[in-house]
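Encoded as structure tokens, the structure appears first; notes follow it.
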Amino acid sequence: MERQAIVDKLKTIIEPYVQDQEAFKNVSEDTDLLNDLKVNSANLVDIIIDAEMAFDIEIDDDSAEKMLTVKDAVEIIEQLTNDRE
């Protein structure tokens with residue numbers, strides 16, 4: 001799966017949990033999920049679960065703890081989807 005396709009799909013997964021809609025309008029790979037978008041830690045778990053279902057992958061606990069920015073999440077998803085191919 002292409003990186004931009006992952007970013008676009010991830011944005012739709014993240015959007016319902018975002019508390020700062022203004023920051024979401026300017027989301028980039030450097031965007032911090034917790035600090036910039038004001039996603040709370042419980043919702044971060046929901047995002048991870050939603051990403052697992054959307055991309056048909058399993059994100060282990062170590063990887064999940066590293067998913068703090070959009071870039072981190074994309075790289076983890078990219079690696080897991082490429083490993084599957």
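Labeling convention for the structure tokens: chains A, B, ... as they appear, residues from 1 per chain, ligands from 1 in order of appearance.
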Next on the checklist: So that I can check the surroundings of Leu80 in chain A, please list as a list in words every protein, DNA and RNA residue that reaches within 8 Å of it, counting only C-alpha atoms and ignoring chain neighbours fewer than 2 positions away.
Outcome noted: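 Non-adjacent residues within range: Ile57, Glu58, Ile59, Ile76, Ile77, Glu78, Asn82, Asp83 and Arg84 of chain A.
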Checklist entry - By how many Å are CA of Thr31 in chain A and CA of Asp72 in chain A apart? => result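 About the pair CA of Thr31 in chain A and CA of Asp72 in chain A: they are 9.8 Å apart.
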Item to check | Selected residue of minimal separation from Asp32 in chain A among A:Val74, A:Val18, A:Leu68, A:Met1, counting only C-alpha atoms | outcome: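 Using only C-alpha atoms, Asp32 in chain A sits closest to A:Leu68.
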Item to check | Using only C-alpha atoms: which of A:Phe55, A:Glu65, A:Val7, A:Ser41 has the shortest distance to Thr81 in chain A | outcome: A:Phe55
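Of the residues under consideration (A:Glu85, A:Val39, A:Leu33, A:Lys11), A:Glu85 shows the shortest atom-to-atom contact distance to Asp56 in chain A when counting only C-alpha atoms.
Coordinates place CA of Ala5 in chain A at a distance of 20.3 Å from CA of Ser63 in chain A.
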Checklist entry - So, counting only C-alpha atoms, which residue among A:Thr69, A:Met53, A:Ile6, A:Ile13 is closest to Leu37 in chain A? => result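 Looking at the shortest contact to Leu37 in chain A, the residue is A:Thr69.
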